[in-house]
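Text of coords_27.csv, listed as CSV, C-alpha atoms:
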chain,number,residue,atom,x,y,z
A,1,MET,CA,-198.8,128.9,157.7
A,2,THR,CA,-201.2,129.5,160.5
A,3,PRO,CA,-203.9,126.8,160.2
A,4,ALA,CA,-202.5,123.6,161.8
A,5,ASN,CA,-203.9,121.4,159.0
A,6,SER,CA,-203.7,123.7,156.0
A,7,GLN,CA,-203.7,122.1,152.6
A,8,LEU,CA,-200.4,123.9,151.9
A,9,LYS,CA,-198.6,121.9,154.6
A,10,SER,CA,-200.2,118.5,153.8
A,11,ASP,CA,-199.8,118.9,150.0
A,12,LEU,CA,-196.1,119.9,150.2
A,13,ASN,CA,-195.4,117.0,152.5
A,14,ALA,CA,-197.3,114.6,150.1
A,15,LEU,CA,-195.6,116.0,146.9
A,16,VAL,CA,-192.0,115.9,148.2
A,17,SER,CA,-192.5,112.6,149.9
A,18,ALA,CA,-193.9,111.1,146.7
A,19,ILE,CA,-191.0,112.5,144.6
A,20,THR,CA,-188.5,110.7,146.9
A,21,LEU,CA,-190.2,107.4,146.0
A,22,VAL,CA,-190.3,107.8,142.2
A,23,GLN,CA,-188.6,105.0,140.4
A,24,ASP,CA,-187.1,104.5,136.9
A,25,PRO,CA,-189.9,102.7,135.1
A,26,VAL,CA,-187.4,100.4,133.4
A,27,ASN,CA,-184.9,99.4,136.0
A,28,LYS,CA,-187.0,100.3,139.1
A,29,LYS,CA,-184.1,102.1,140.7
A,30,PRO,CA,-184.8,105.4,142.6
A,31,LEU,CA,-184.6,108.4,140.4
A,32,VAL,CA,-184.2,111.0,143.3
A,33,ASP,CA,-181.0,110.7,145.4
A,34,THR,CA,-181.2,114.0,147.3
A,35,VAL,CA,-183.9,116.5,148.4
A,36,GLU,CA,-182.8,119.9,149.7
A,37,LEU,CA,-185.3,122.2,151.4
A,38,ASN,CA,-184.8,126.0,151.4
A,39,TYR,CA,-186.6,129.1,152.4
A,40,ILE,CA,-186.0,131.8,149.7
A,41,ASN,CA,-186.6,135.5,149.5
A,42,SER,CA,-183.6,137.3,148.3
A,43,ARG,CA,-181.4,134.2,148.8
A,44,PRO,CA,-181.8,130.5,149.6
A,45,ILE,CA,-181.7,129.5,153.3
A,46,ALA,CA,-181.1,125.8,153.9
A,47,ILE,CA,-183.6,123.9,156.1
A,48,HIS,CA,-182.0,121.0,157.9
A,49,GLN,CA,-185.2,119.0,158.5
A,50,SER,CA,-187.1,116.2,156.9
A,51,ILE,CA,-190.1,117.3,154.8
A,52,SER,CA,-192.5,115.9,157.3
A,53,ASP,CA,-190.9,117.7,160.3
A,54,PHE,CA,-190.6,120.9,158.2
A,55,THR,CA,-194.3,121.0,157.2
A,56,ALA,CA,-195.5,120.0,160.7
A,57,ASN,CA,-193.6,122.9,162.2
A,58,LEU,CA,-194.1,125.4,159.4
A,59,ASN,CA,-195.3,128.7,160.9
A,60,VAL,CA,-194.2,132.4,160.9
A,61,ALA,CA,-192.0,131.9,164.0
A,62,SER,CA,-190.1,129.0,162.6
A,63,PHE,CA,-189.6,130.9,159.4
A,64,GLN,CA,-188.1,133.8,161.3
A,65,ARG,CA,-186.0,131.5,163.5
A,66,GLY,CA,-184.6,130.0,160.3
A,67,GLY,CA,-183.5,133.4,159.0
A,68,GLY,CA,-186.4,133.9,156.7
A,69,ASP,CA,-186.9,137.5,155.4
A,70,ARG,CA,-190.5,138.7,155.5
A,71,SER,CA,-189.9,141.8,153.4
A,72,SER,CA,-191.3,142.0,149.9
A,73,THR,CA,-190.1,139.3,147.5
A,74,SER,CA,-188.5,140.0,144.1
A,75,LEU,CA,-190.0,137.2,142.1
A,76,GLN,CA,-188.0,138.1,139.0
A,77,ASP,CA,-184.7,137.7,141.1
A,78,ILE,CA,-185.9,134.4,142.6
A,79,LEU,CA,-186.8,132.9,139.2
A,80,ASN,CA,-183.5,134.1,137.7
A,81,ASN,CA,-181.6,132.7,140.7
A,82,ILE,CA,-183.3,129.3,140.4
A,83,GLN,CA,-182.6,129.1,136.6
A,84,GLU,CA,-178.9,129.9,137.2
A,85,GLN,CA,-178.4,127.4,140.1
A,86,THR,CA,-180.4,124.4,138.8
A,87,ALA,CA,-177.8,122.1,137.3
A,88,PRO,CA,-178.5,119.4,134.7
A,89,GLY,CA,-179.9,116.4,136.4
A,90,GLU,CA,-181.7,118.6,139.0
A,91,VAL,CA,-185.2,119.8,139.4
A,92,SER,CA,-186.2,122.9,141.4
A,93,ILE,CA,-189.6,123.4,142.9
A,94,LEU,CA,-190.7,126.9,143.9
A,95,VAL,CA,-193.7,127.4,146.2
A,96,SER,CA,-195.0,131.0,146.5
A,97,ASP,CA,-198.2,133.0,146.6
A,98,MET,CA,-196.8,134.7,143.5
A,99,ILE,CA,-198.2,138.1,144.6
A,100,LEU,CA,-196.3,140.7,142.6
A,101,GLY,CA,-194.0,142.8,144.7
A,102,LEU,CA,-192.7,146.0,142.9
A,103,LYS,CA,-189.5,147.9,143.7
A,104,THR,CA,-189.7,151.6,143.9
A,105,GLY,CA,-190.4,153.0,140.4
A,106,GLN,CA,-191.0,149.6,138.9
A,107,SER,CA,-194.0,148.7,136.8
A,108,PRO,CA,-195.7,145.3,136.4
A,109,GLU,CA,-194.7,145.4,132.7
A,110,SER,CA,-191.0,145.9,133.5
A,111,VAL,CA,-191.1,142.9,135.9
A,112,SER,CA,-192.7,140.8,133.1
A,113,THR,CA,-190.0,141.9,130.7
A,114,ASN,CA,-187.2,141.1,133.2
A,115,ILE,CA,-188.6,137.6,133.7
A,116,GLU,CA,-188.8,137.2,129.9
A,117,VAL,CA,-185.2,138.3,129.3
A,118,ALA,CA,-183.8,136.0,132.0
A,119,LEU,CA,-185.7,133.0,130.6
A,120,ARG,CA,-184.6,133.7,127.1
A,121,ARG,CA,-181.0,133.7,128.3
A,122,GLN,CA,-181.7,130.4,130.1
A,123,LEU,CA,-183.2,128.8,127.0
A,124,ASN,CA,-180.2,129.9,124.9
A,125,LYS,CA,-178.1,127.9,127.3
A,126,ARG,CA,-180.6,125.1,128.1
A,127,PRO,CA,-183.0,124.7,125.2
A,128,GLU,CA,-184.6,121.7,126.9
A,129,TRP,CA,-185.6,123.8,130.0
A,130,ALA,CA,-189.3,123.3,130.9
A,131,ILE,CA,-191.7,124.6,133.6
A,132,ALA,CA,-194.8,123.0,135.1
A,133,ILE,CA,-197.0,125.5,136.9
A,134,TRP,CA,-199.7,124.4,139.3
A,135,ARG,CA,-202.3,126.7,140.8
A,136,MET,CA,-203.2,125.4,144.3
A,137,LEU,CA,-205.7,126.3,146.9
A,138,SER,CA,-205.2,126.3,150.7
A,139,ASP,CA,-206.8,127.7,153.9
A,140,PHE,CA,-205.4,131.1,154.8
A,141,ASP,CA,-205.7,132.6,158.3
A,142,GLY,CA,-203.8,135.8,159.1
A,143,LYS,CA,-202.7,139.2,157.7
A,144,TYR,CA,-203.1,139.9,154.0
A,145,TYR,CA,-200.9,142.8,152.8
A,146,GLN,CA,-202.3,145.2,150.2
A,147,ASP,CA,-201.8,148.8,149.1
A,148,ALA,CA,-203.7,150.3,151.9
A,149,GLY,CA,-201.9,148.2,154.6
A,150,SER,CA,-202.7,144.8,156.1
A,151,THR,CA,-206.1,143.3,156.8
A,152,MET,CA,-207.2,140.2,158.6
A,153,LEU,CA,-208.3,137.4,156.3
A,154,GLN,CA,-209.7,133.9,156.8
A,155,ALA,CA,-210.5,132.2,153.6
A,156,LYS,CA,-209.3,129.8,150.8
A,157,ARG,CA,-206.5,131.5,148.9
A,158,PRO,CA,-204.5,130.4,145.8
A,159,TYR,CA,-200.7,129.7,145.8
A,160,TYR,CA,-198.5,128.3,143.1
A,161,ILE,CA,-196.0,125.5,142.7
A,162,PHE,CA,-193.4,126.0,139.9
A,163,ILE,CA,-191.5,122.8,138.9
A,164,MET,CA,-188.5,123.6,136.8
A,165,GLY,CA,-185.7,121.8,135.0
A,166,ASP,CA,-184.8,120.0,131.8
A,167,ARG,CA,-187.9,118.4,130.3
A,168,ASP,CA,-186.5,114.8,130.6
A,169,GLN,CA,-186.1,115.4,134.3
A,170,LEU,CA,-189.6,116.7,134.7
A,171,TYR,CA,-191.0,114.0,132.5
A,172,SER,CA,-189.4,111.3,134.7
A,173,LEU,CA,-191.3,112.8,137.7
A,174,LEU,CA,-194.6,114.0,136.2
A,175,ALA,CA,-195.4,111.5,133.4
A,176,ASP,CA,-198.5,109.4,134.0
A,177,GLY,CA,-197.9,106.7,136.5
A,178,GLN,CA,-194.9,108.3,138.2
A,179,LEU,CA,-196.6,110.1,141.0
A,180,PRO,CA,-199.6,108.3,142.7
A,181,ALA,CA,-202.8,109.3,140.8
A,182,ASN,CA,-204.8,109.3,144.0
A,183,MET,CA,-202.8,111.9,145.9
A,184,PRO,CA,-205.2,114.3,147.7
A,185,LEU,CA,-203.2,117.3,146.5
A,186,TYR,CA,-204.7,116.9,143.0
A,187,ALA,CA,-208.1,117.9,144.5
A,188,ASN,CA,-206.5,121.2,145.6
A,189,ARG,CA,-204.9,121.9,142.2
A,190,SER,CA,-207.3,124.1,140.4
A,191,HIS,CA,-205.3,124.7,137.2
A,192,GLN,CA,-202.1,124.0,135.5
A,193,MET,CA,-199.9,125.5,132.8
A,194,ILE,CA,-197.0,123.7,131.0
A,195,LEU,CA,-194.2,125.5,129.2
A,196,GLU,CA,-191.8,123.2,127.3
A,197,PRO,CA,-189.8,122.9,124.1
A,198,THR,CA,-191.0,121.4,120.8
A,199,GLU,CA,-191.0,117.7,120.5
A,200,LYS,CA,-189.6,116.5,117.2
A,201,GLN,CA,-189.5,112.7,117.7
A,202,LEU,CA,-193.0,111.6,116.6
A,203,SER,CA,-194.5,108.4,115.4
A,204,TYR,CA,-197.7,108.7,113.4
A,205,ALA,CA,-199.6,107.2,110.5
A,206,VAL,CA,-202.7,107.9,108.4
A,207,SER,CA,-205.5,105.4,109.2
A,208,PRO,CA,-206.2,103.5,105.9
A,209,ASN,CA,-210.0,103.8,106.0
A,210,ALA,CA,-211.6,107.2,105.6
A,211,VAL,CA,-214.4,108.3,107.9
A,212,PHE,CA,-216.2,110.1,105.1
A,213,GLY,CA,-215.2,109.7,101.4
A,214,SER,CA,-212.3,107.4,100.5
A,215,ILE,CA,-208.5,107.5,100.5
A,216,THR,CA,-205.8,105.3,99.0
A,217,LEU,CA,-202.4,105.5,100.8
A,218,ASP,CA,-199.2,105.5,98.8
A,219,ARG,CA,-197.4,102.2,99.1
A,220,LYS,CA,-193.9,103.6,98.9
A,221,GLU,CA,-194.0,106.9,100.6
A,222,LYS,CA,-195.0,107.2,104.3
A,223,ASN,CA,-197.9,109.5,105.3
A,224,VAL,CA,-198.8,110.2,101.6
A,225,ILE,CA,-202.4,109.9,100.4
A,226,ALA,CA,-202.1,108.9,96.7
A,227,ASP,CA,-205.8,109.3,95.9
A,228,ALA,CA,-208.9,110.6,97.5
A,229,SER,CA,-212.6,111.2,96.8
A,230,LEU,CA,-215.4,113.1,98.5
A,231,GLY,CA,-218.2,111.3,100.3
A,232,LYS,CA,-221.2,112.6,102.3
A,233,GLY,CA,-220.8,113.8,105.8
A,234,MET,CA,-223.1,113.7,108.8
A,235,GLN,CA,-225.4,116.3,107.2
A,236,LYS,CA,-225.1,114.8,103.7
A,237,GLU,CA,-222.7,117.6,102.8
A,238,PRO,CA,-219.6,116.8,100.6
A,239,SER,CA,-216.8,115.7,102.9
A,240,LEU,CA,-213.4,114.1,103.1
A,241,SER,CA,-212.6,113.0,106.6
A,242,PHE,CA,-209.8,110.7,107.8
A,243,GLU,CA,-207.8,110.1,111.0
A,244,VAL,CA,-204.1,110.2,111.9
A,245,LYS,CA,-203.0,107.9,114.7
A,246,LEU,CA,-200.3,109.5,116.8
A,247,GLN,CA,-198.3,107.7,119.5
A,248,ARG,CA,-198.5,109.8,122.6
A,249,PRO,CA,-195.7,112.3,122.3
A,250,HIS,CA,-193.0,112.8,124.9
A,251,LEU,CA,-194.7,116.0,126.3
A,252,LEU,CA,-195.6,117.2,129.7
A,253,GLN,CA,-199.0,118.5,128.5
A,254,SER,CA,-202.0,116.9,130.1
A,255,GLY,CA,-204.2,114.5,128.2
A,256,SER,CA,-207.0,117.0,128.2
A,257,TYR,CA,-204.7,119.6,126.5
A,258,LEU,CA,-203.8,117.1,123.7
A,259,LEU,CA,-207.5,116.3,123.2
A,260,GLU,CA,-208.8,119.9,122.9
A,261,ALA,CA,-209.3,120.8,119.2
A,262,SER,CA,-208.9,124.6,119.8
A,263,ASN,CA,-205.2,123.9,120.7
A,264,TYR,CA,-204.5,122.8,117.1
A,265,GLN,CA,-203.7,124.7,114.0
A,266,VAL,CA,-204.1,123.2,110.5
A,267,HIS,CA,-202.6,124.4,107.2
A,268,PRO,CA,-204.1,124.9,104.7
A,269,ARG,CA,-207.2,126.3,106.4
A,270,GLY,CA,-209.5,124.3,104.2
A,271,TYR,CA,-208.9,121.4,106.6
A,272,GLN,CA,-209.9,121.4,110.3
A,273,VAL,CA,-209.6,119.2,113.3
A,274,THR,CA,-213.1,117.9,114.0
A,275,LYS,CA,-212.5,115.2,116.6
A,276,LEU,CA,-209.8,114.0,118.9
A,277,ARG,CA,-209.9,110.7,120.9
A,278,GLU,CA,-207.6,108.6,122.9
A,279,GLY,CA,-207.1,104.9,122.0
A,280,GLU,CA,-206.8,102.0,124.4
A,281,ASP,CA,-203.0,102.0,123.9
A,282,GLY,CA,-202.8,105.7,124.8
A,283,SER,CA,-202.4,106.9,121.1
A,284,ILE,CA,-204.1,110.1,120.0
A,285,TYR,CA,-206.4,109.9,117.0
A,286,ILE,CA,-206.7,113.2,115.2
A,287,ARG,CA,-209.7,113.5,112.8
A,288,LEU,CA,-209.3,115.9,109.9
A,289,ALA,CA,-212.1,117.0,107.6
A,290,SER,CA,-212.6,119.2,104.5
A,291,SER,CA,-215.5,120.0,102.2
A,292,SER,CA,-213.2,119.7,99.2
A,293,ILE,CA,-210.0,117.9,98.2
A,294,ILE,CA,-207.0,120.2,98.5
A,295,LYS,CA,-203.9,118.7,97.0
A,296,GLY,CA,-200.4,119.3,98.4
A,297,ASN,CA,-198.8,119.4,101.9
A,298,LEU,CA,-201.0,119.3,105.0
A,299,LYS,CA,-199.6,120.4,108.4
A,300,VAL,CA,-201.2,119.8,111.8
A,301,SER,CA,-199.6,121.5,114.8
A,302,LEU,CA,-200.3,121.5,118.5
A,303,LEU,CA,-199.8,125.1,119.7
A,304,GLN,CA,-198.3,126.3,123.0
A,305,GLN,CA,-200.9,128.8,124.2
A,306,MET,CA,-201.6,130.9,127.3
A,307,PRO,CA,-204.5,129.2,129.2
A,308,ASN,CA,-207.7,131.1,129.4
A,309,TRP,CA,-207.8,130.7,133.2
A,310,VAL,CA,-204.8,133.1,133.7
A,311,THR,CA,-207.0,136.1,132.9
A,312,ASP,CA,-209.7,134.9,135.2
A,313,VAL,CA,-207.4,134.6,138.3
A,314,HIS,CA,-205.4,137.8,137.6
A,315,ALA,CA,-205.9,141.0,139.7
A,316,GLU,CA,-204.7,144.2,138.1
A,317,ASP,CA,-204.4,146.0,141.4
A,318,ASN,CA,-203.9,145.0,145.1
A,319,VAL,CA,-206.5,147.4,146.7
A,320,ASP,CA,-209.1,145.4,148.5
A,321,ILE,CA,-209.0,141.6,149.0
A,322,HIS,CA,-212.5,141.7,150.5
A,323,GLN,CA,-214.2,143.1,147.3
A,324,ALA,CA,-216.3,140.7,145.2
A,325,GLY,CA,-214.2,138.1,143.3
A,326,ALA,CA,-210.8,139.3,144.7
A,327,ILE,CA,-210.4,136.3,147.1
A,328,ASP,CA,-209.8,134.0,144.1
A,329,GLN,CA,-207.4,136.3,142.3
A,330,THR,CA,-203.7,137.0,142.5
A,331,TYR,CA,-202.3,140.4,142.1
A,332,GLY,CA,-200.0,140.6,139.0
A,333,ILE,CA,-200.0,136.8,138.1
A,334,LYS,CA,-200.7,137.6,134.5
A,335,TYR,CA,-197.5,139.6,134.2
A,336,ILE,CA,-195.4,136.8,135.7
A,337,LEU,CA,-196.9,134.0,133.6
A,338,SER,CA,-196.8,136.1,130.4
A,339,GLY,CA,-193.2,136.9,131.0
A,340,LEU,CA,-192.5,133.1,131.1
A,341,GLN,CA,-194.8,132.4,128.2
A,342,ARG,CA,-193.4,134.7,125.6
A,343,PRO,CA,-190.0,133.0,125.1
A,344,TYR,CA,-191.7,129.7,124.4
A,345,GLU,CA,-194.1,131.3,122.0
A,346,SER,CA,-191.1,132.4,119.8
A,347,THR,CA,-188.9,129.3,120.3
A,348,SER,CA,-191.5,126.6,120.6
A,349,LYS,CA,-194.9,128.0,119.4
A,350,GLU,CA,-195.6,124.6,117.9
A,351,LEU,CA,-195.3,121.8,120.5
A,352,PHE,CA,-195.3,119.3,117.6
A,353,SER,CA,-196.2,119.2,113.9
A,354,ILE,CA,-197.5,116.4,111.8
A,355,ASP,CA,-196.8,116.6,108.0
A,356,LEU,CA,-198.9,114.8,105.4
A,357,THR,CA,-199.2,115.0,101.6
A,358,LEU,CA,-202.2,114.6,99.4
A,359,LYS,CA,-201.3,113.8,95.8
Could you render the structure as structure tokens?
Amino acid sequence: MTPANSQLKSDLNALVSAITLVQDPVNKKPLVDTVELNYINSRPIAIHQSISDFTANLNVASFQRGGGDRSSTSLQDILNNIQEQTAPGEVSILVSDMILGLKTGQSPESVSTNIEVALRRQLNKRPEWAIAIWRMLSDFDGKYYQDAGSTMLQAKRPYYIFIMGDRDQLYSLLADGQLPANMPLYANRSHQMILEPTEKQLSYAVSPNAVFGSITLDRKEKNVIADASLGKGMQKEPSLSFEVKLQRPHLLQSGSYLLEASNYQVHPRGYQVTKLREGEDGSIYIRLASSSIIKGNLKVSLLQQMPNWVTDVHAEDNVDIHQAGAIDQTYGIKYILSGLQRPYESTSKELFSIDLTLK
């Protein structure tokens, strides 16, 4: 809060201001009718200012004058509070450094479990609940609190923006073209993680011409290959390779996530995803290949996985922020994000599945 022009202030102002201008892509009417600002520690404290005035005057003194509590924050209680109070038709945005604060006798594992249990309860009531997590960077100038006490720090530090609500609500805000693509805040977003339910409404079809080998599509049954033969692949090896055209699904996942082969699982294992590309109309082309023809059902699934970056930015202790590499890490973030990830792994491990048959 100390630097007058910190990215935290400018990016919050830009994000909330842009959200107030979002329109329904069909009827062009505003989608957002009310924006409420709150401080939150143990409870929400209403802020009766515009977002521009709020961010311009955001500092420790204004936080204290507004009734803000500077004691340690229980993130598990805050997340549970937000889940319980966000009504259908609403989206909640939580901004926090996400540094883990433990109560007396509490372990990071127990916080992770408590976050998981609260979210499972929420998903039982609201199965369409989704969470977009952005890791942001901003100038920091002030006291940093660690196990040995406080230390002065002037550096770039991470903080997090959690955007939560039913997926349709988040999609209306975050889908391509809804927020301006040239907002400077995207330059300060280092990573993102999306947690969302399985999408079952898909439109896809097997491309009629094989890449290697040959296929004949069934004239009566959709997505059934009636006949196939091997050809020669790039290295003259026996190969059957063909593509499936998938209309971009109604998912919050980024295009880069959809186009990463390691995020897919194929059954049976004799087939693999060898290439992904985006068509001019936004469709995703999934190329499948096998060294032999395996008859029967073929299933291609996009998996909901914990991003690799979470381990890189996690700090297991909060001992010395000045030690090598610590400036880019957040104490306990892995426990928070894994507590949120586990419920989706069991309820929506597959973000979507494509089913084909080879006769």
Problem - Among listed residues A:Ser256, A:Gln305, A:Ser112, A:Ser92, nearest A:Thr34 (using all atoms listed in the file) - result: A:Ser92
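Of the listed residues (A:Arg277, A:Arg120, A:Lys156, A:Lys29), A:Lys156 comes nearest to A:Ile327; the distances count all atoms listed in the file.
Computed from the coordinates, the atom CA of A:Asn114 to atom CA of A:Tyr335 distance equals 10.5 Å.
Closest approach to A:Pro180 among A:Ala18, A:Ala4, A:Gly142, A:Trp134 is made by A:Ala18 (distances from all atoms listed in the file).
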Got a sec: who's within 9 Å of A:Gln23, counting only C-alpha atoms, leaving out chain neighbours fewer than 3 positions off, as a PDB file with C-alpha atoms, in the coordinates of the input?
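Result written to selection00.pdb:
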ATOM      1  CA  ILE A  19    -191.000 112.500 144.600  1.00  0.00           C
ATOM      2  CA  THR A  20    -188.500 110.700 146.900  1.00  0.00           C
ATOM      3  CA  VAL A  26    -187.400 100.400 133.400  1.00  0.00           C
ATOM      4  CA  ASN A  27    -184.900  99.400 136.000  1.00  0.00           C
ATOM      5  CA  LYS A  28    -187.000 100.300 139.100  1.00  0.00           C
ATOM      6  CA  LYS A  29    -184.100 102.100 140.700  1.00  0.00           C
ATOM      7  CA  PRO A  30    -184.800 105.400 142.600  1.00  0.00           C
ATOM      8  CA  LEU A  31    -184.600 108.400 140.400  1.00  0.00           C
ATOM      9  CA  VAL A  32    -184.200 111.000 143.300  1.00  0.00           C
ATOM     10  CA  SER A 172    -189.400 111.300 134.700  1.00  0.00           C
ATOM     11  CA  LEU A 173    -191.300 112.800 137.700  1.00  0.00           C
ATOM     12  CA  GLN A 178    -194.900 108.300 138.200  1.00  0.00           C
TER      13      GLN A 178
END
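The gap separating atom CA of A:Pro25 from atom CA of A:Leu179 is 11.6 Å, in Å to one decimal.
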Practice task
List every protein, DNA or RNA residue with an atom no more than 8 Å from (-192.1, 140.0, 146.3) in the file's coordinates, counting only C-alpha atoms, and format the result as a ChimeraX atom specification.
Solution key: /A:41,71-75,98-102
Practice task
Dump as a PyMOL selection string all residues having an atom at most 10 Å from (-201.1, 121.5, 110.2), computed in the file's coordinates with all atoms listed in the file.
Solution key: chain A and resi 264-269+271-273+288+297-302+350+352-356
Handout entry: Two-atom distance - atom CA of A:Lys275, atom CA of A:Leu258 (Å)
Key = 11.4 Å
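Comparing the minimum interatomic distances between A:Ser150 and each of A:Asp320, A:Ser241, A:Asp166, A:Thr347, counting all atoms listed in the file, we find that A:Asp320 sits nearest.
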Exercise for the section: Determine, counting all atoms listed in the file, which protein, DNA and RNA residues have an atom within 10 Å of an atom of A:Ile51; residues of the same chain fewer than 2 positions away are not included. Present the result as a ChimeraX atom specification. Expected result: /A:9,12-17,35-37,47-49,53-57
Write the selection just made, keeping C-alpha atoms, as a compact mmCIF listing (two decimals), in the coordinates of the input?
# COMPACT_ATOMS: atom_id res chain seq x y z
CA LYS A 9 -198.60 121.90 154.60
CA LEU A 12 -196.10 119.90 150.20
CA ASN A 13 -195.40 117.00 152.50
CA ALA A 14 -197.30 114.60 150.10
CA LEU A 15 -195.60 116.00 146.90
CA VAL A 16 -192.00 115.90 148.20
CA SER A 17 -192.50 112.60 149.90
CA VAL A 35 -183.90 116.50 148.40
CA GLU A 36 -182.80 119.90 149.70
CA LEU A 37 -185.30 122.20 151.40
CA ILE A 47 -183.60 123.90 156.10
CA HIS A 48 -182.00 121.00 157.90
CA GLN A 49 -185.20 119.00 158.50
CA ASP A 53 -190.90 117.70 160.30
CA PHE A 54 -190.60 120.90 158.20
CA THR A 55 -194.30 121.00 157.20
CA ALA A 56 -195.50 120.00 160.70
CA ASN A 57 -193.60 122.90 162.20
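Candidate residues A:Ser229, A:Gln146, A:Ser291, A:Ser190 were compared for distance to A:Tyr331, and the nearest is A:Gln146, using all atoms listed in the file.
All residues of protein, DNA or RNA that reach within 8 Å of A:Trp129, judged by only C-alpha atoms and not counting those fewer than 3 positions away in the chain, are Gln122, Leu123, Arg126, Met164, Gly165, Asp166, Arg167, Glu196 and Pro197 of chain A.
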Problem - All residues 12 Å or closer to A:Ser207, only C-alpha atoms, same chain fewer than 6 positions away omitted, as a PyMOL selection string - result: chain A and resi 214-217+222-225+241-246+284-288
Problem - A:Glu199 surroundings by all atoms listed in the file, 8 Å radius, close-in-sequence under 2 positions cut, as a PyMOL selection string - result: chain A and resi 197+201-202+249-251+351-352
Practice task
Kindly indicate which residue among A:Ser338, A:Ser292, A:Gln64, A:Ser110 lies nearest to A:His314, using all atoms listed in the file for the distances.
Solution key: A:Ser338
Just save stretch 214-226 of chain A with N, CA, C and O atoms, as a PDB file, in the first residue's frame.
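Resulting contents of part-v8.pdb:
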ATOM      1  N   SER A 214      -5.408 -44.189 -43.557  1.00  0.00           N
ATOM      2  CA  SER A 214      -6.700 -43.785 -44.130  1.00  0.00           C
ATOM      3  C   SER A 214      -7.822 -44.205 -43.197  1.00  0.00           C
ATOM      4  O   SER A 214      -7.698 -45.174 -42.439  1.00  0.00           O
ATOM      5  N   ILE A 215      -8.907 -43.429 -43.239  1.00  0.00           N
ATOM      6  CA  ILE A 215     -10.092 -43.748 -42.445  1.00  0.00           C
ATOM      7  C   ILE A 215     -11.335 -43.563 -43.310  1.00  0.00           C
ATOM      8  O   ILE A 215     -11.348 -42.783 -44.258  1.00  0.00           O
ATOM      9  N   THR A 216     -12.384 -44.325 -42.967  1.00  0.00           N
ATOM     10  CA  THR A 216     -13.705 -44.168 -43.580  1.00  0.00           C
ATOM     11  C   THR A 216     -14.710 -43.977 -42.453  1.00  0.00           C
ATOM     12  O   THR A 216     -14.798 -44.818 -41.553  1.00  0.00           O
ATOM     13  N   LEU A 217     -15.426 -42.847 -42.478  1.00  0.00           N
ATOM     14  CA  LEU A 217     -16.386 -42.559 -41.419  1.00  0.00           C
ATOM     15  C   LEU A 217     -17.692 -43.290 -41.668  1.00  0.00           C
ATOM     16  O   LEU A 217     -18.107 -43.490 -42.821  1.00  0.00           O
ATOM     17  N   ASP A 218     -18.330 -43.709 -40.600  1.00  0.00           N
ATOM     18  CA  ASP A 218     -19.633 -44.351 -40.695  1.00  0.00           C
ATOM     19  C   ASP A 218     -20.665 -43.320 -41.156  1.00  0.00           C
ATOM     20  O   ASP A 218     -20.720 -42.209 -40.638  1.00  0.00           O
ATOM     21  N   ARG A 219     -21.492 -43.668 -42.113  1.00  0.00           N
ATOM     22  CA  ARG A 219     -22.466 -42.723 -42.659  1.00  0.00           C
ATOM     23  C   ARG A 219     -23.665 -42.515 -41.752  1.00  0.00           C
ATOM     24  O   ARG A 219     -24.364 -41.504 -41.855  1.00  0.00           O
ATOM     25  N   LYS A 220     -23.913 -43.457 -40.874  1.00  0.00           N
ATOM     26  CA  LYS A 220     -25.116 -43.382 -40.039  1.00  0.00           C
ATOM     27  C   LYS A 220     -24.808 -42.953 -38.608  1.00  0.00           C
ATOM     28  O   LYS A 220     -25.576 -42.212 -37.996  1.00  0.00           O
ATOM     29  N   GLU A 221     -23.707 -43.443 -38.074  1.00  0.00           N
ATOM     30  CA  GLU A 221     -23.395 -43.161 -36.678  1.00  0.00           C
ATOM     31  C   GLU A 221     -22.339 -42.066 -36.567  1.00  0.00           C
ATOM     32  O   GLU A 221     -21.294 -42.125 -37.210  1.00  0.00           O
ATOM     33  N   LYS A 222     -22.616 -41.074 -35.710  1.00  0.00           N
ATOM     34  CA  LYS A 222     -21.715 -39.941 -35.549  1.00  0.00           C
ATOM     35  C   LYS A 222     -20.470 -40.359 -34.777  1.00  0.00           C
ATOM     36  O   LYS A 222     -20.533 -41.134 -33.829  1.00  0.00           O
ATOM     37  N   ASN A 223     -19.324 -39.821 -35.204  1.00  0.00           N
ATOM     38  CA  ASN A 223     -18.049 -40.052 -34.522  1.00  0.00           C
ATOM     39  C   ASN A 223     -17.672 -41.532 -34.431  1.00  0.00           C
ATOM     40  O   ASN A 223     -17.092 -41.992 -33.449  1.00  0.00           O
ATOM     41  N   VAL A 224     -18.015 -42.265 -35.498  1.00  0.00           N
ATOM     42  CA  VAL A 224     -17.645 -43.662 -35.612  1.00  0.00           C
ATOM     43  C   VAL A 224     -16.803 -43.832 -36.882  1.00  0.00           C
ATOM     44  O   VAL A 224     -17.197 -43.386 -37.959  1.00  0.00           O
ATOM     45  N   ILE A 225     -15.633 -44.420 -36.715  1.00  0.00           N
ATOM     46  CA  ILE A 225     -14.778 -44.756 -37.859  1.00  0.00           C
ATOM     47  C   ILE A 225     -15.090 -46.193 -38.261  1.00  0.00           C
ATOM     48  O   ILE A 225     -14.853 -47.129 -37.487  1.00  0.00           O
ATOM     49  N   ALA A 226     -15.654 -46.345 -39.460  1.00  0.00           N
ATOM     50  CA  ALA A 226     -16.096 -47.668 -39.904  1.00  0.00           C
ATOM     51  C   ALA A 226     -14.924 -48.539 -40.345  1.00  0.00           C
ATOM     52  O   ALA A 226     -14.948 -49.762 -40.182  1.00  0.00           O
TER      53      ALA A 226
END
